[in-house]
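Shown next, in structure tokens, is the structure this report addresses.
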Amino acid sequence: MVKGLRQARVGTIGARTTPFKTVRYSEKLLEESGISVETIDLSEVIMAVEKLKDSDKEVSSKLKAITEYCSTTGIPQSALLKMAKLGVVIERWVKENDINACALQCWPAMQEALRIFPCCLMSMMNNSLLPIACEVDVVGAIAMYALQLASGLPSGLFDWNNNYGDEPDKLVLFHCSSLPKTMLKNIRMSYNSIAARGIGQENSYGTCIGRAKSGPMTFVRISTDDTAGSIVTCIGEGEFTEDPLETFGGVGVARIEKLQKLLHFLCENGFEHHIAVSQSQVSDILFEAMSNYLGWNVYYHNTGILKQGIY
């Protein structure tokens, strides 16, 4: 895990949109840990998509892979074709630049230009162990990659969402979503129910919906504290439960001991709204690697330990 992070190359596709100030980060602090960031403007990606022909062999191959990955019943062929072209363009760029993890501007410009959401493509990449984060969350992508290195399993990115009823140690984790197939039950392609209210269902196809499988999970959030000049991390473990939940997107009910204390810590210390999750138990690995070898400041929620990096 340490070797992987110290030479990681993270790809940024598109710029951060104005509302998402929470996903700002410091490239220079990442560089001190050996993590480099490569960028491409979203307009370059869109132009490359528009240049691809429907008959291109790579496009046909990607279209087949999408329809075999999950159920696409009810999804227009035109939308699936656009997704296939976008997948080809992104994968070419990733390969050319030797990228280990990505962060993508998944809305709103993409919907205005291509009339699709890229979530299913991102789910496929995550499932194939090439983590890609939503909303240009570069440090979220690094957290996903760290979990993958520690566990050998695909990881996903959720929003910290609402409480689960009146139970203080349970909450809902949610995203549109781009969660990997291995994490979800009954995965299928759908449309973004939130975006459809404004831009129409016909321009919102491409999300993957399903319920997170029950079982243990490890969560991690990495953040760059520019003012203090340090990288800070919050890690811990919990479990996905079978509690009933009726909603859309990729979702799960999570149980985390002393959840209210964790939420206070996240809010009081300015952590972002995303959390990277793996269906594994690897927090001990994360804690040792990040604090002892990478020199990051780490809060280990399950133990209550806040350790200053010693590297």
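Numbering starts fresh at 1 for the residues of each chain in the structure tokens, the chains themselves are lettered A, B, ... in the order given, and ligands are numbered from 1 as they appear.
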Inset, instruction - Write out as a ChimeraX atom specification which residues come within 8 Å of segment 135-147 of chain A when counting only C-alpha atoms, dropping same-chain ones fewer than 3 positions away. - result: /A:1,5,10-17,20,23-25,100-107,130-132,150-153,155-157,220-224,274-278,282,286
Inset, instruction - Excluding segment 85-90 of chain A and residues on its chain fewer than 2 positions from it, collect all residues at most 6 Å away from it, counting only C-alpha atoms, and give them as a PyMOL selection string. - result: chain A and resi 49+59+82-83+92-93
Selection to disk with C-alpha atoms, as an mmCIF file, in the first residue's frame:
data_model
loop_
_atom_site.group_PDB
_atom_site.id
_atom_site.type_symbol
_atom_site.label_atom_id
_atom_site.label_comp_id
_atom_site.auth_asym_id
_atom_site.auth_seq_id
_atom_site.Cartn_x
_atom_site.Cartn_y
_atom_site.Cartn_z
ATOM 1 C CA VAL A 49 -16.267 11.526 -28.056
ATOM 2 C CA VAL A 59 -16.920 1.555 -29.482
ATOM 3 C CA LYS A 82 -22.705 7.782 -26.144
ATOM 4 C CA MET A 83 -21.613 5.963 -22.985
ATOM 5 C CA ARG A 92 -7.420 5.684 -23.885
ATOM 6 C CA TRP A 93 -6.363 8.698 -21.829
#
Inset, instruction - Within 8 Å of segment 244-248 of chain A, counting only C-alpha atoms, which residues show up once you throw out same-chain ones fewer than 6 positions away? Write them as a VMD selection string, please. - result: chain A and resid 176 193 209 to 210
The selected residues should be written to file as a PDB file, in the first residue's frame (atoms: N, CA and C atoms).
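Okay, part.pdb is ready:
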ATOM      1  N   CYS A 176     -25.360   8.325  -6.644  1.00  0.00           N
ATOM      2  CA  CYS A 176     -26.285   8.246  -7.800  1.00  0.00           C
ATOM      3  C   CYS A 176     -26.480   6.860  -8.454  1.00  0.00           C
ATOM      4  N   SER A 193     -32.455  10.352 -10.792  1.00  0.00           N
ATOM      5  CA  SER A 193     -33.773  10.860 -10.415  1.00  0.00           C
ATOM      6  C   SER A 193     -33.739  12.322  -9.985  1.00  0.00           C
ATOM      7  N   ILE A 209     -27.950   1.567 -10.141  1.00  0.00           N
ATOM      8  CA  ILE A 209     -28.658   1.543  -8.871  1.00  0.00           C
ATOM      9  C   ILE A 209     -28.635   0.136  -8.291  1.00  0.00           C
ATOM     10  N   GLY A 210     -28.725   0.064  -6.973  1.00  0.00           N
ATOM     11  CA  GLY A 210     -28.701  -1.212  -6.275  1.00  0.00           C
ATOM     12  C   GLY A 210     -28.458  -0.992  -4.797  1.00  0.00           C
TER      13      GLY A 210
END
Legend entry - Test item, alpha helix (DSSP H) assignment across segment 190-224 of chain A, answer as a PyMOL selection string: chain A and resi 193-199
Inset, instruction - Assign secondary structure with DSSP using the backbone only, and return the residues of segment 51-113 of chain A in strand (DSSP E or B) as JSON, numbers by chain. - result: {"A": [71, 101, 102, 103, 104]}
Deliver the residues from the most recent selection as a file, using N, CA and C atoms, as an mmCIF file, in the first residue's frame.
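So again-v3.cif came out as:
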data_model
loop_
_atom_site.group_PDB
_atom_site.id
_atom_site.type_symbol
_atom_site.label_atom_id
_atom_site.label_comp_id
_atom_site.auth_asym_id
_atom_site.auth_seq_id
_atom_site.Cartn_x
_atom_site.Cartn_y
_atom_site.Cartn_z
ATOM 1 N N SER A 71 -28.016 -4.961 -16.225
ATOM 2 C CA SER A 71 -29.238 -4.841 -17.015
ATOM 3 C C SER A 71 -29.394 -3.408 -17.530
ATOM 4 N N ALA A 101 -5.660 6.102 -10.583
ATOM 5 C CA ALA A 101 -6.985 6.454 -10.062
ATOM 6 C C ALA A 101 -7.414 7.751 -10.721
ATOM 7 N N CYS A 102 -8.733 7.986 -10.790
ATOM 8 C CA CYS A 102 -9.265 9.147 -11.497
ATOM 9 C C CYS A 102 -10.302 9.887 -10.673
ATOM 10 N N ALA A 103 -10.513 11.147 -11.049
ATOM 11 C CA ALA A 103 -11.634 11.925 -10.544
ATOM 12 C C ALA A 103 -12.248 12.642 -11.750
ATOM 13 N N LEU A 104 -13.574 12.608 -11.859
ATOM 14 C CA LEU A 104 -14.264 13.073 -13.061
ATOM 15 C C LEU A 104 -15.304 14.131 -12.734
#
Legend entry - Nearby residues (only C-alpha atoms) at most 12 Å from Leu30 of chain A, same-chain spacing under 2 positions excluded, as JSON, numbers by chain: {"A": [5, 6, 7, 8, 9, 10, 25, 26, 27, 28, 32, 33, 34, 35, 36, 37, 138, 139, 142, 222, 223, 224, 225, 226, 229, 230, 231, 232, 294, 295, 296]}
Legend entry - Surrounding residues of Asn297 of chain A excluding itself and chain neighbours under 4 positions, 7 Å, only C-alpha atoms, as a VMD selection string: chain A and resid 231 to 233 291 307 to 309
Legend entry - Shortest interatomic distance to Ala254 of chain A - which of A:His175, A:Trp160, A:Tyr205, A:Cys267, counting only C-alpha atoms: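 Residue with the minimum atom-to-atom distance to Ala254 of chain A: A:Trp160.
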